[in-house]
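Asker: Sending over work-v7.txt (compact mmCIF, C-alpha atoms).
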```
# COMPACT_ATOMS: atom_id res chain seq x y z
CA ALA A 1 -46.62 24.49 -93.87
CA TYR A 2 -43.58 26.24 -95.24
CA GLU A 3 -39.85 25.71 -95.14
CA VAL A 4 -37.24 28.42 -95.62
CA GLY A 5 -34.41 27.83 -98.06
CA VAL A 6 -31.29 30.01 -98.42
CA ARG A 7 -30.21 31.23 -101.84
CA LEU A 8 -26.54 32.15 -102.03
CA VAL A 9 -25.39 34.86 -104.44
CA GLY A 10 -22.07 34.55 -106.30
CA SER A 11 -19.10 36.08 -104.48
CA GLU A 12 -18.23 38.26 -107.48
CA MET A 13 -21.29 40.35 -106.64
CA CYS A 14 -19.86 41.05 -103.20
CA ILE A 15 -16.42 42.46 -103.96
CA ARG A 16 -16.84 46.13 -103.21
CA ASP A 17 -14.76 48.79 -101.45
CA SER A 18 -17.69 50.51 -99.81
CA LYS A 19 -18.73 49.34 -96.33
CA LEU A 20 -22.31 50.07 -97.32
CA LEU A 21 -22.07 47.87 -100.37
CA GLY A 22 -20.43 45.21 -98.23
CA LEU A 23 -23.49 45.29 -95.94
CA ALA A 24 -25.79 44.92 -98.92
CA CYS A 25 -23.70 41.99 -100.07
CA GLY A 26 -24.14 40.31 -96.69
CA LEU A 27 -27.89 40.67 -96.98
CA PHE A 28 -27.89 39.04 -100.39
CA LEU A 29 -26.03 36.07 -98.96
CA VAL A 30 -28.95 35.16 -96.72
CA ALA A 31 -31.87 36.15 -98.94
CA PRO A 32 -34.68 33.64 -98.14
CA THR A 33 -36.65 31.68 -100.70
CA LEU A 34 -39.95 30.14 -99.58
CA PHE A 35 -41.28 26.89 -101.04
CA ALA A 36 -44.59 25.25 -100.14
CA GLN A 37 -44.85 21.86 -98.48
CA GLU A 38 -48.17 20.11 -99.05
CA VAL A 39 -49.63 17.99 -96.26
CA LEU A 40 -51.72 15.09 -97.58
CA ASN A 41 -54.39 14.31 -94.99
CA ILE A 42 -55.39 10.63 -94.98
CA SER A 43 -58.70 9.55 -93.45
CA SER A 44 -58.72 6.10 -91.84
CA TRP A 45 -61.45 4.27 -89.97
CA ALA A 46 -59.71 1.20 -88.52
CA PRO A 47 -57.93 1.28 -85.15
CA PRO A 48 -54.47 2.91 -85.13
CA THR A 49 -52.98 -0.52 -84.41
CA HIS A 50 -54.50 -2.04 -87.55
CA HIS A 51 -51.84 -2.84 -90.15
CA MET A 52 -53.37 -0.37 -92.61
CA ASN A 53 -52.60 2.46 -90.20
CA ALA A 54 -49.51 1.04 -88.54
CA VAL A 55 -47.72 -0.04 -91.73
CA VAL A 56 -49.41 0.55 -95.09
CA TRP A 57 -50.29 4.25 -94.92
CA PRO A 58 -47.05 5.26 -93.12
CA THR A 59 -44.94 3.33 -95.64
CA TRP A 60 -46.75 4.86 -98.59
CA GLY A 61 -46.47 8.29 -96.98
CA LYS A 62 -42.71 7.81 -96.68
CA TRP A 63 -42.57 6.78 -100.34
CA VAL A 64 -44.49 9.92 -101.30
CA GLU A 65 -42.22 12.17 -99.24
CA GLU A 66 -39.10 10.62 -100.74
CA ALA A 67 -40.44 10.69 -104.30
CA THR A 68 -41.39 14.37 -104.01
CA GLU A 69 -38.14 15.29 -102.23
CA GLY A 70 -40.08 16.39 -99.17
CA ARG A 71 -42.56 18.63 -100.95
CA VAL A 72 -45.51 16.36 -100.04
CA THR A 73 -45.90 14.73 -96.64
CA ALA A 74 -48.71 12.54 -95.32
CA LYS A 75 -50.68 12.56 -92.08
CA ILE A 76 -53.32 10.06 -90.90
CA GLU A 77 -56.53 11.48 -89.43
CA TYR A 78 -59.05 9.38 -87.50
CA LYS A 79 -62.82 9.58 -86.92
CA LEU A 80 -63.51 12.04 -89.74
CA ALA A 81 -66.44 9.92 -90.90
CA SER A 82 -67.85 6.40 -90.71
CA PRO A 83 -66.39 3.70 -92.97
CA LEU A 84 -69.46 4.06 -95.20
CA LYS A 85 -68.77 7.76 -95.88
CA GLN A 86 -65.08 7.65 -96.77
CA PHE A 87 -65.64 7.99 -100.52
CA GLU A 88 -67.71 11.16 -100.11
CA LEU A 89 -65.18 12.49 -97.62
CA VAL A 90 -62.43 12.35 -100.23
CA ARG A 91 -64.60 13.37 -103.17
CA ASP A 92 -65.72 16.51 -101.33
CA GLY A 93 -62.20 17.43 -100.21
CA VAL A 94 -62.66 16.98 -96.47
CA ALA A 95 -59.78 14.48 -96.64
CA ASP A 96 -57.15 14.15 -99.35
CA ALA A 97 -57.02 10.35 -99.36
CA ALA A 98 -58.68 7.34 -97.76
CA TRP A 99 -59.28 3.62 -98.14
CA ILE A 100 -62.74 2.25 -98.77
CA PHE A 101 -64.38 -1.18 -98.60
CA HIS A 102 -66.46 -1.69 -101.72
CA GLY A 103 -68.94 -3.98 -99.99
CA TYR A 104 -70.40 -1.06 -98.03
CA ASN A 105 -71.99 0.33 -101.20
CA THR A 106 -74.17 -1.66 -103.59
CA ARG A 107 -73.20 0.42 -106.63
CA TYR A 108 -69.92 -1.47 -107.03
CA VAL A 109 -70.17 -4.39 -109.43
CA ALA A 110 -66.85 -4.67 -111.28
CA THR A 111 -64.89 -4.77 -108.03
CA GLN A 112 -66.58 -8.03 -107.01
CA ALA A 113 -64.34 -9.89 -109.46
CA VAL A 114 -61.69 -10.32 -106.77
CA GLU A 115 -64.24 -11.28 -104.10
CA MET A 116 -65.40 -14.57 -105.62
CA PRO A 117 -64.92 -17.71 -103.49
CA ASN A 118 -62.15 -20.23 -104.06
CA LEU A 119 -59.45 -17.93 -105.46
CA GLY A 120 -57.09 -19.89 -103.23
CA THR A 121 -54.17 -17.46 -103.13
CA SER A 122 -52.47 -15.04 -100.79
CA ALA A 123 -53.76 -11.49 -100.41
CA GLU A 124 -50.59 -10.24 -102.09
CA ALA A 125 -51.19 -12.33 -105.20
CA ALA A 126 -54.86 -11.36 -105.24
CA SER A 127 -54.08 -7.65 -104.87
CA VAL A 128 -51.48 -7.54 -107.64
CA ALA A 129 -53.75 -9.51 -109.98
CA TYR A 130 -56.66 -7.27 -109.05
CA TRP A 131 -54.81 -4.07 -109.95
CA ARG A 132 -53.64 -5.43 -113.30
CA VAL A 133 -57.05 -6.77 -114.27
CA HIS A 134 -58.73 -3.57 -113.15
CA GLN A 135 -56.50 -1.51 -115.41
CA LYS A 136 -57.17 -3.83 -118.36
CA TYR A 137 -60.86 -4.63 -117.88
CA LEU A 138 -62.65 -3.32 -114.81
CA ALA A 139 -61.79 0.38 -115.16
CA LYS A 140 -64.27 0.58 -118.03
CA ALA A 141 -67.09 0.58 -115.46
CA ASP A 142 -65.72 3.88 -114.05
CA GLU A 143 -66.94 3.00 -110.55
CA HIS A 144 -64.54 5.42 -108.82
CA ARG A 145 -65.60 8.50 -110.75
CA GLY A 146 -65.27 11.67 -108.69
CA VAL A 147 -61.95 10.64 -107.14
CA THR A 148 -58.58 9.35 -108.34
CA LEU A 149 -57.92 5.66 -107.82
CA ILE A 150 -54.39 5.12 -106.49
CA GLY A 151 -54.50 1.45 -105.50
CA LEU A 152 -56.61 -1.68 -105.02
CA THR A 153 -56.27 -4.52 -102.57
CA SER A 154 -57.96 -7.60 -101.23
CA HIS A 155 -57.80 -9.08 -97.78
CA GLY A 156 -56.91 -12.73 -97.48
CA PRO A 157 -59.45 -15.58 -97.61
CA ALA A 158 -62.43 -14.96 -95.36
CA VAL A 159 -63.28 -17.56 -92.73
CA ILE A 160 -66.38 -18.44 -90.70
CA GLN A 161 -66.13 -17.30 -87.08
CA THR A 162 -68.87 -18.46 -84.70
CA LYS A 163 -69.76 -18.78 -81.06
CA SER A 164 -70.65 -22.45 -81.45
CA ALA A 165 -69.03 -25.29 -83.37
CA LEU A 166 -70.28 -26.14 -86.86
CA LYS A 167 -70.79 -29.68 -88.10
CA GLY A 168 -71.85 -28.61 -91.57
CA LEU A 169 -73.00 -25.65 -93.66
CA GLY A 170 -76.60 -26.32 -92.63
CA ASP A 171 -75.75 -25.28 -89.07
CA LEU A 172 -75.44 -21.68 -90.28
CA SER A 173 -79.05 -21.51 -91.43
CA GLY A 174 -80.96 -19.01 -89.32
CA GLN A 175 -77.92 -17.92 -87.30
CA LYS A 176 -77.38 -14.18 -86.92
CA ILE A 177 -74.21 -13.66 -88.91
CA ARG A 178 -72.54 -10.33 -89.57
CA VAL A 179 -72.00 -10.07 -93.32
CA PRO A 180 -69.80 -7.43 -94.96
CA GLY A 181 -71.66 -6.52 -98.13
CA GLY A 182 -70.61 -7.42 -101.65
CA VAL A 183 -69.99 -11.11 -102.34
CA GLY A 184 -69.66 -11.75 -98.59
CA SER A 185 -73.33 -10.87 -98.17
CA LEU A 186 -74.26 -13.07 -101.12
CA VAL A 187 -72.49 -15.93 -99.34
CA GLY A 188 -74.65 -15.33 -96.29
CA LYS A 189 -77.81 -15.27 -98.37
CA ALA A 190 -76.87 -18.51 -100.14
CA LEU A 191 -76.21 -20.20 -96.78
CA GLY A 192 -79.49 -19.03 -95.27
CA VAL A 193 -78.11 -16.89 -92.45
CA THR A 194 -79.97 -14.03 -90.82
CA ALA A 195 -77.83 -11.17 -92.04
CA VAL A 196 -76.49 -8.59 -89.60
CA LYS A 197 -75.08 -5.60 -91.48
CA LEU A 198 -72.76 -3.19 -89.74
CA PRO A 199 -69.27 -1.74 -90.38
CA ALA A 200 -66.14 -3.55 -89.22
CA PRO A 201 -65.40 -1.33 -86.17
CA LYS A 202 -68.78 -2.41 -84.69
CA VAL A 203 -68.33 -6.17 -84.95
CA TYR A 204 -66.81 -6.79 -81.52
CA GLU A 205 -69.69 -5.03 -79.81
CA ALA A 206 -72.27 -6.89 -81.90
CA LEU A 207 -70.75 -10.26 -81.07
CA SER A 208 -70.18 -9.56 -77.39
CA SER A 209 -73.70 -8.22 -76.89
CA GLY A 210 -75.46 -11.07 -78.69
CA VAL A 211 -76.60 -9.01 -81.68
CA ALA A 212 -74.66 -11.48 -83.83
CA ASP A 213 -73.88 -15.19 -83.40
CA GLY A 214 -70.97 -15.14 -85.78
CA ILE A 215 -69.17 -13.31 -88.53
CA PHE A 216 -67.59 -13.72 -91.95
CA MET A 217 -64.18 -11.98 -91.95
CA PRO A 218 -60.51 -12.89 -92.60
CA MET A 219 -58.35 -14.54 -89.95
CA GLU A 220 -56.54 -11.28 -89.16
CA THR A 221 -59.60 -10.02 -87.27
CA GLN A 222 -59.00 -12.59 -84.53
CA LYS A 223 -56.27 -10.18 -83.45
CA SER A 224 -56.91 -6.79 -85.08
CA PHE A 225 -60.54 -6.60 -83.89
CA ARG A 226 -59.97 -8.89 -80.87
CA LEU A 227 -62.53 -11.42 -82.12
CA LYS A 228 -60.62 -14.22 -80.39
CA GLU A 229 -62.38 -12.95 -77.25
CA VAL A 230 -65.94 -13.34 -78.59
CA VAL A 231 -65.95 -16.07 -81.28
CA PRO A 232 -64.07 -19.18 -80.12
CA PHE A 233 -64.70 -21.27 -83.26
CA VAL A 234 -63.17 -20.66 -86.70
CA THR A 235 -63.96 -22.72 -89.78
CA ILE A 236 -61.63 -22.37 -92.75
CA MET A 237 -63.12 -22.95 -96.19
CA PRO A 238 -60.44 -24.29 -98.58
CA GLY A 239 -59.76 -21.74 -101.31
CA GLY A 240 -61.38 -18.98 -99.29
CA LEU A 241 -65.01 -18.37 -98.30
CA TYR A 242 -64.67 -15.15 -100.32
CA TYR A 243 -62.16 -12.30 -100.59
CA GLY A 244 -62.65 -8.60 -99.78
CA SER A 245 -62.24 -5.65 -102.13
CA PHE A 246 -60.76 -2.31 -101.04
CA ALA A 247 -59.63 0.81 -102.89
CA PHE A 248 -57.16 3.56 -102.07
CA ILE A 249 -58.52 6.85 -103.34
CA MET A 250 -57.30 10.46 -103.57
CA ASN A 251 -59.03 13.77 -104.02
CA SER A 252 -58.58 14.69 -107.67
CA ASP A 253 -58.29 18.43 -106.96
CA PHE A 254 -55.51 17.81 -104.45
CA LEU A 255 -53.60 15.80 -107.01
CA ALA A 256 -54.22 18.38 -109.73
CA GLY A 257 -52.93 21.10 -107.40
CA LEU A 258 -49.49 19.54 -107.27
CA SER A 259 -46.83 20.29 -109.83
CA GLU A 260 -46.63 17.95 -112.79
CA LYS A 261 -43.41 16.55 -111.36
CA ASP A 262 -44.96 15.83 -107.97
CA ARG A 263 -48.14 14.36 -109.48
CA ALA A 264 -45.99 11.90 -111.40
CA ALA A 265 -43.97 11.19 -108.26
CA VAL A 266 -47.06 10.39 -106.18
CA MET A 267 -48.48 8.08 -108.84
CA SER A 268 -45.11 6.36 -109.28
CA VAL A 269 -45.36 4.98 -105.72
CA SER A 270 -49.05 4.14 -106.00
CA GLY A 271 -50.89 1.74 -108.29
CA GLU A 272 -49.47 -1.78 -108.28
CA LYS A 273 -46.72 -0.86 -105.81
CA LEU A 274 -49.23 0.29 -103.18
CA SER A 275 -51.55 -2.63 -103.96
CA LYS A 276 -48.74 -5.13 -103.48
CA LEU A 277 -47.66 -3.54 -100.19
CA SER A 278 -51.18 -3.73 -98.85
CA GLY A 279 -51.60 -7.35 -99.90
CA GLN A 280 -48.36 -8.28 -98.17
CA GLN A 281 -49.60 -6.69 -94.96
CA TRP A 282 -52.97 -8.45 -95.15
CA ASP A 283 -51.03 -11.73 -95.34
CA ALA A 284 -48.83 -10.79 -92.40
CA ALA A 285 -51.92 -9.81 -90.43
CA ASP A 286 -53.58 -13.16 -91.20
CA THR A 287 -50.49 -14.94 -89.90
CA ALA A 288 -50.57 -12.85 -86.72
CA GLY A 289 -54.31 -13.43 -86.37
CA LEU A 290 -53.91 -17.19 -86.65
CA ALA A 291 -51.17 -17.18 -84.02
CA ALA A 292 -53.32 -15.07 -81.69
CA ALA A 293 -56.29 -17.39 -82.19
CA LYS A 294 -54.24 -20.45 -81.34
CA GLU A 295 -52.78 -18.76 -78.28
CA ALA A 296 -56.29 -17.84 -77.11
CA GLY A 297 -57.46 -21.43 -77.49
CA THR A 298 -59.71 -20.82 -80.48
CA THR A 299 -60.89 -24.06 -82.09
CA ILE A 300 -59.79 -23.95 -85.74
CA THR A 301 -61.27 -26.43 -88.21
CA THR A 302 -60.81 -26.82 -91.95
CA ALA A 303 -63.92 -27.81 -93.87
CA SER A 304 -63.79 -31.25 -95.47
CA ALA A 305 -63.48 -31.83 -99.21
CA GLU A 306 -67.14 -32.86 -99.24
CA ILE A 307 -68.27 -29.64 -97.58
CA HIS A 308 -66.00 -27.61 -99.89
CA LYS A 309 -67.55 -29.22 -102.97
CA LYS A 310 -71.04 -28.55 -101.64
CA TYR A 311 -70.13 -24.93 -100.94
CA LEU A 312 -68.84 -24.32 -104.46
CA ALA A 313 -72.06 -25.77 -105.89
CA ILE A 314 -74.11 -23.42 -103.70
CA MET A 315 -72.05 -20.42 -104.81
CA ALA A 316 -71.94 -21.21 -108.55
CA PRO A 317 -75.08 -19.14 -109.29
CA VAL A 318 -73.49 -16.12 -107.58
CA GLU A 319 -70.61 -16.16 -110.06
CA THR A 320 -72.98 -16.64 -113.00
CA GLU A 321 -75.06 -13.67 -111.88
CA TRP A 322 -71.94 -11.51 -111.51
CA LEU A 323 -70.84 -12.35 -115.04
CA GLU A 324 -74.21 -11.15 -116.34
CA ARG A 325 -74.02 -7.90 -114.37
CA ALA A 326 -70.42 -7.28 -115.45
CA ASN A 327 -71.34 -7.76 -119.09
CA LYS A 328 -74.19 -5.28 -118.71
CA ALA A 329 -71.65 -2.79 -117.32
CA GLY A 330 -69.60 -3.14 -120.50
CA ILE A 331 -66.99 -5.50 -119.05
CA ASP A 332 -65.92 -8.83 -120.45
CA GLY A 333 -66.55 -10.52 -117.12
CA LYS A 334 -65.45 -13.99 -118.19
CA ALA A 335 -62.11 -12.75 -119.53
CA ALA A 336 -61.53 -10.54 -116.49
CA LEU A 337 -62.25 -13.31 -114.01
CA GLU A 338 -60.16 -15.87 -115.86
CA GLU A 339 -57.19 -13.53 -116.14
CA LEU A 340 -57.42 -12.43 -112.50
CA ARG A 341 -57.34 -16.05 -111.37
CA ALA A 342 -54.52 -16.94 -113.74
CA ILE A 343 -52.33 -14.05 -112.59
CA ALA A 344 -53.03 -14.64 -108.90
CA ARG A 345 -52.54 -18.40 -109.00
CA SER A 346 -49.29 -18.18 -110.93
CA TYR A 347 -47.94 -15.24 -108.91
```
Step by step, read the file and then write its structure as structure tokens.
Answerer:
Amino acid sequence: AYEVGVRLVGSEMCIRDSKLLGLACGLFLVAPTLFAQEVLNISSWAPPTHHMNAVVWPTWGKWVEEATEGRVTAKIEYKLASPLKQFELVRDGVADAAWIFHGYNTRYVATQAVEMPNLGTSAEAASVAYWRVHQKYLAKADEHRGVTLIGLTSHGPAVIQTKSALKGLGDLSGQKIRVPGGVGSLVGKALGVTAVKLPAPKVYEALSSGVADGIFMPMETQKSFRLKEVVPFVTIMPGGLYYGSFAFIMNSDFLAGLSEKDRAAVMSVSGEKLSKLSGQQWDAADTAGLAAAKEAGTTITTASAEIHKKYLAIMAPVETEWLERANKAGIDGKAALEELRAIARSY
């Protein structure tokens, strides 16, 4: 897309006696100058009403447009690829930016730092801490090679959503539970569920058709994915069943194609600023999801202190195993995890 600007020439160039020269002067006064306007195409896989598409991407796009003085604008595109293919979509230049869920790909290890159970904070605190710790520790794993990382975020604490009431963790054993990948899937394995693996946009259908008996996802999905209609029981695990890791990514060639000034402008409104915005919206969405669940008559239960203690004991080996894998990837996993928790909990 192009815009036309008008370059005015000093009036001293236009003072002439000749009518012909006067005409030439008039032409100079409206001589056009063309400047390019880049359109940044964002791929998104959640419904248009989801807060990522209704608030986060539009807000960031506005920031980008303002920071670049209108030279870069953003546009959201839907259904370009499945949630599992968003990384490749951006890497190959089909889209200029996207958001990805790390749990859909087993190659991500470092990113699981933020997913561990019992963080016990808001999504905003988790997201800000996640970005800072990634820059200091986790980036060494280079897990986003091929694209430019422009932000990281975590959804709020995941909850257990089921079609039938739970009396204890043992009730989950053998149930068909949709698990998300990453630490969320390790939770399912530790609890003995029959794992159902499918992307988020498919969960309503799986639950309504009987393919799944329940699901591990944050409270916001009671509204955003209409799960209040298909899973009438929600069990909250104190501290969070687990958290969910997402990245905002950009095509490196697109970014390199901008002027140095505009590259700096785009990055100035990304990073921690974008991560914080996203975390705030995950929290707002959880609040809306809880309200929608209550309005729909969903039975909401908080697990007892005894069940919480038992859960943490079950999940302890998962954290130990992650520390070993992180260390093999060249990351000081213990330091990263401790600092992430300290930043988030004191946020």
Asker: Looking at only C-alpha atoms, which of A:Ile300, A:Leu152, A:Leu166, A:Met52 is the one that sits closest to Trp282 of chain A?
Answerer: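 Between A:Ile300, A:Leu152, A:Leu166, A:Met52, the residue approaching Trp282 of chain A most closely is A:Met52.
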Asker: Distance cut-off 10 Å, centre (-58.4, 2.8, -95.3) in file coordinates, counting all atoms listed in the file: which residues qualify? Return them as a ChimeraX atom specification.
Answerer: /A:42-46,50,52-53,56-57,76,83,86,97-101,246-249
Asker: Listing only residues of segment 75-176 of chain A within 12 Å of segment 224-227 of chain A, what is the closest atom pair and its distance in Å (to one decimal) for each, using only C-alpha atoms, sorted by chain and residue number ascending, as JSON lines?
Answerer:
```
{"residue": "A:Ile160", "atom": "CA", "partner": "A:Leu227", "partner_atom": "CA", "distance": 11.7}
{"residue": "A:Gln161", "atom": "CA", "partner": "A:Leu227", "partner_atom": "CA", "distance": 8.5}
{"residue": "A:Thr162", "atom": "CA", "partner": "A:Leu227", "partner_atom": "CA", "distance": 9.8}
{"residue": "A:Lys163", "atom": "CA", "partner": "A:Leu227", "partner_atom": "CA", "distance": 10.4}
```
Asker: Mind writing the picked residues with C-alpha atoms as a PDB file, keeping the file's coordinate frame?
Answerer:
```
ATOM      1  CA  ILE A 160     -66.380 -18.440 -90.700  1.00  0.00           C
ATOM      2  CA  GLN A 161     -66.130 -17.300 -87.080  1.00  0.00           C
ATOM      3  CA  THR A 162     -68.870 -18.460 -84.700  1.00  0.00           C
ATOM      4  CA  LYS A 163     -69.760 -18.780 -81.060  1.00  0.00           C
TER       5      LYS A 163
END
```
Asker: Select from segment 278-338 of chain A every residue with an atom at most 12 Å from any atom of segment 201-218 of chain A, then for each give the shortest pair of atoms and their distance in Å to one decimal, using only C-alpha atoms, rows by chain and rising number, as CSV.
Answerer:
```
residue,atom,partner,partner_atom,distance
A:Trp282,CA,A:Pro218,CA,9.1
A:Asp283,CA,A:Pro218,CA,9.9
A:Ala284,CA,A:Pro218,CA,11.9
A:Ala285,CA,A:Pro218,CA,9.4
A:Asp286,CA,A:Pro218,CA,7.1
A:Thr287,CA,A:Pro218,CA,10.6
A:Ala288,CA,A:Pro218,CA,11.5
A:Gly289,CA,A:Pro218,CA,8.8
A:Leu290,CA,A:Pro218,CA,9.9
```
Asker: Could those selected residues go to a file with C-alpha atoms, as a CSV table (one decimal), in the frame of the given file?
Answerer:
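Listed below is the output, again20.csv:
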```
chain,number,residue,atom,x,y,z
A,282,TRP,CA,-53.0,-8.4,-95.2
A,283,ASP,CA,-51.0,-11.7,-95.3
A,284,ALA,CA,-48.8,-10.8,-92.4
A,285,ALA,CA,-51.9,-9.8,-90.4
A,286,ASP,CA,-53.6,-13.2,-91.2
A,287,THR,CA,-50.5,-14.9,-89.9
A,288,ALA,CA,-50.6,-12.8,-86.7
A,289,GLY,CA,-54.3,-13.4,-86.4
A,290,LEU,CA,-53.9,-17.2,-86.6
```
Asker: What is the distance between atom CA of Gly297 of chain A and atom CA of Thr235 of chain A, in Å to one decimal?
Answerer: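 We find that atom CA of Gly297 of chain A and atom CA of Thr235 of chain A lie 14.0 Å from each other.
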Asker: Counting only C-alpha atoms, what is within 8 Å of Ala123 of chain A, bar same-chain residues fewer than 4 positions away, as a list of chain:residue names?
Answerer: A:Ser127, A:Thr153, A:Ser154, A:His155, A:Gly156, A:Pro157, A:Gly279, A:Gln280, A:Trp282, A:Asp283
Asker: Restricting it to C-alpha atoms, dump the selection as a compact mmCIF listing (two decimals), keeping the file's coordinate frame.
Answerer:
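Written file, again33.txt:
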```txt
# COMPACT_ATOMS: atom_id res chain seq x y z
CA SER A 127 -54.08 -7.65 -104.87
CA THR A 153 -56.27 -4.52 -102.57
CA SER A 154 -57.96 -7.60 -101.23
CA HIS A 155 -57.80 -9.08 -97.78
CA GLY A 156 -56.91 -12.73 -97.48
CA PRO A 157 -59.45 -15.58 -97.61
CA GLY A 279 -51.60 -7.35 -99.90
CA GLN A 280 -48.36 -8.28 -98.17
CA TRP A 282 -52.97 -8.45 -95.15
CA ASP A 283 -51.03 -11.73 -95.34
```
Asker: For a quick check of understanding, using all atoms listed in the file, which of A:Ala335, A:Val318, A:Leu119, A:Leu172 has the smallest distance to Tyr243 of chain A?
Answerer: A:Leu119
Asker: Each residue of segment 67-139 of chain A lying at most 12 Å from segment 174-184 of chain A should get a row with its shortest atom-to-atom pair and the distance in Å to one decimal, counting all atoms listed in the file; could you produce that, ordered by chain and increasing number, as a tab-separated table?
Answerer:
```
residue	atom	partner	partner_atom	distance
A:Pro83	CA	A:Pro180	CA	11.8
A:Leu84	CA	A:Gly181	CA	11.2
A:Phe101	CA	A:Pro180	CA	9.0
A:His102	CA	A:Gly182	CA	7.1
A:Gly103	CA	A:Gly181	CA	4.2
A:Tyr104	CA	A:Gly181	CA	5.6
A:Asn105	CA	A:Gly181	CA	7.5
A:Thr106	CA	A:Gly182	CA	7.0
A:Arg107	CA	A:Gly182	CA	9.6
A:Tyr108	CA	A:Gly182	CA	8.1
A:Val109	CA	A:Gly182	CA	8.4
A:Ala110	CA	A:Gly182	CA	10.7
A:Thr111	CA	A:Gly182	CA	9.0
A:Gln112	CA	A:Val183	CA	6.6
A:Ala113	CA	A:Val183	CA	9.2
A:Val114	CA	A:Val183	CA	9.4
A:Glu115	CA	A:Val183	CA	6.0
A:Met116	CA	A:Val183	CA	6.6
A:Pro117	CA	A:Val183	CA	8.4
```
Asker: Put those residues in a file: C-alpha atoms, as a PDB file, in the frame of the given file.
Answerer:
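The file below, part.pdb, is the result:
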```pdb
ATOM      1  CA  PRO A  83     -66.390   3.700 -92.970  1.00  0.00           C
ATOM      2  CA  LEU A  84     -69.460   4.060 -95.200  1.00  0.00           C
ATOM      3  CA  PHE A 101     -64.380  -1.180 -98.600  1.00  0.00           C
ATOM      4  CA  HIS A 102     -66.460  -1.690-101.720  1.00  0.00           C
ATOM      5  CA  GLY A 103     -68.940  -3.980 -99.990  1.00  0.00           C
ATOM      6  CA  TYR A 104     -70.400  -1.060 -98.030  1.00  0.00           C
ATOM      7  CA  ASN A 105     -71.990   0.330-101.200  1.00  0.00           C
ATOM      8  CA  THR A 106     -74.170  -1.660-103.590  1.00  0.00           C
ATOM      9  CA  ARG A 107     -73.200   0.420-106.630  1.00  0.00           C
ATOM     10  CA  TYR A 108     -69.920  -1.470-107.030  1.00  0.00           C
ATOM     11  CA  VAL A 109     -70.170  -4.390-109.430  1.00  0.00           C
ATOM     12  CA  ALA A 110     -66.850  -4.670-111.280  1.00  0.00           C
ATOM     13  CA  THR A 111     -64.890  -4.770-108.030  1.00  0.00           C
ATOM     14  CA  GLN A 112     -66.580  -8.030-107.010  1.00  0.00           C
ATOM     15  CA  ALA A 113     -64.340  -9.890-109.460  1.00  0.00           C
ATOM     16  CA  VAL A 114     -61.690 -10.320-106.770  1.00  0.00           C
ATOM     17  CA  GLU A 115     -64.240 -11.280-104.100  1.00  0.00           C
ATOM     18  CA  MET A 116     -65.400 -14.570-105.620  1.00  0.00           C
ATOM     19  CA  PRO A 117     -64.920 -17.710-103.490  1.00  0.00           C
TER      20      PRO A 117
END
```
Asker: Atom CA of Glu272 of chain A and atom CA of His144 of chain A, how far apart in Å?
Answerer: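 Atom-to-atom, atom CA of His144 of chain A and atom CA of Glu272 of chain A are spaced 16.7 Å apart.
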Asker: I need the residue nearest Arg91 of chain A from this list: A:Gly192, A:Gly146, A:Pro48, A:Gly244. Use all atoms listed in the file for the distance.
Answerer: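 Nearest candidate to Arg91 of chain A out of A:Gly192, A:Gly146, A:Pro48, A:Gly244: A:Gly146.
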Asker: To one decimal in Å, tell me the separation between atom CA of Gly240 of chain A and atom CA of Lys189 of chain A.
Answerer: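 Atom CA of Lys189 of chain A lies 16.9 Å from atom CA of Gly240 of chain A.
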Asker: Looking at A:Asn41, A:Ser304, A:Asn327, A:Thr59, which one is nearest to Leu89 of chain A, with distances taken over all atoms listed in the file?
Answerer: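 Among the listed residues, the smallest separation from Leu89 of chain A belongs to A:Asn41.
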Asker: Using all atoms listed in the file, which residue out of A:Leu149, A:Val266, A:Ala139, A:Ala256 lies closest to Thr73 of chain A?
Answerer: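 That would be A:Val266, the residue with the smallest distance to Thr73 of chain A.
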Asker: Using all atoms listed in the file, can you tell me which of A:Leu255, A:Val196, A:Ala141, A:Ala125 comes closest to Gly330 of chain A?
Answerer: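 Checking each of A:Leu255, A:Val196, A:Ala141, A:Ala125 against Gly330 of chain A, counting all atoms listed in the file, the winner is A:Ala141.
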Asker: Using only the atoms of segment 174-179 of chain A listed in the file, plus 8 Å on each side, state the axis-aligned box centre and edge lengths in Å rounded to one decimal, as lines of an AutoDock Vina configuration file.
Answerer:
```
center_x = -76.5
center_y = -14.5
center_z = -90.1
size_x = 25.0
size_y = 24.9
size_z = 22.4
```
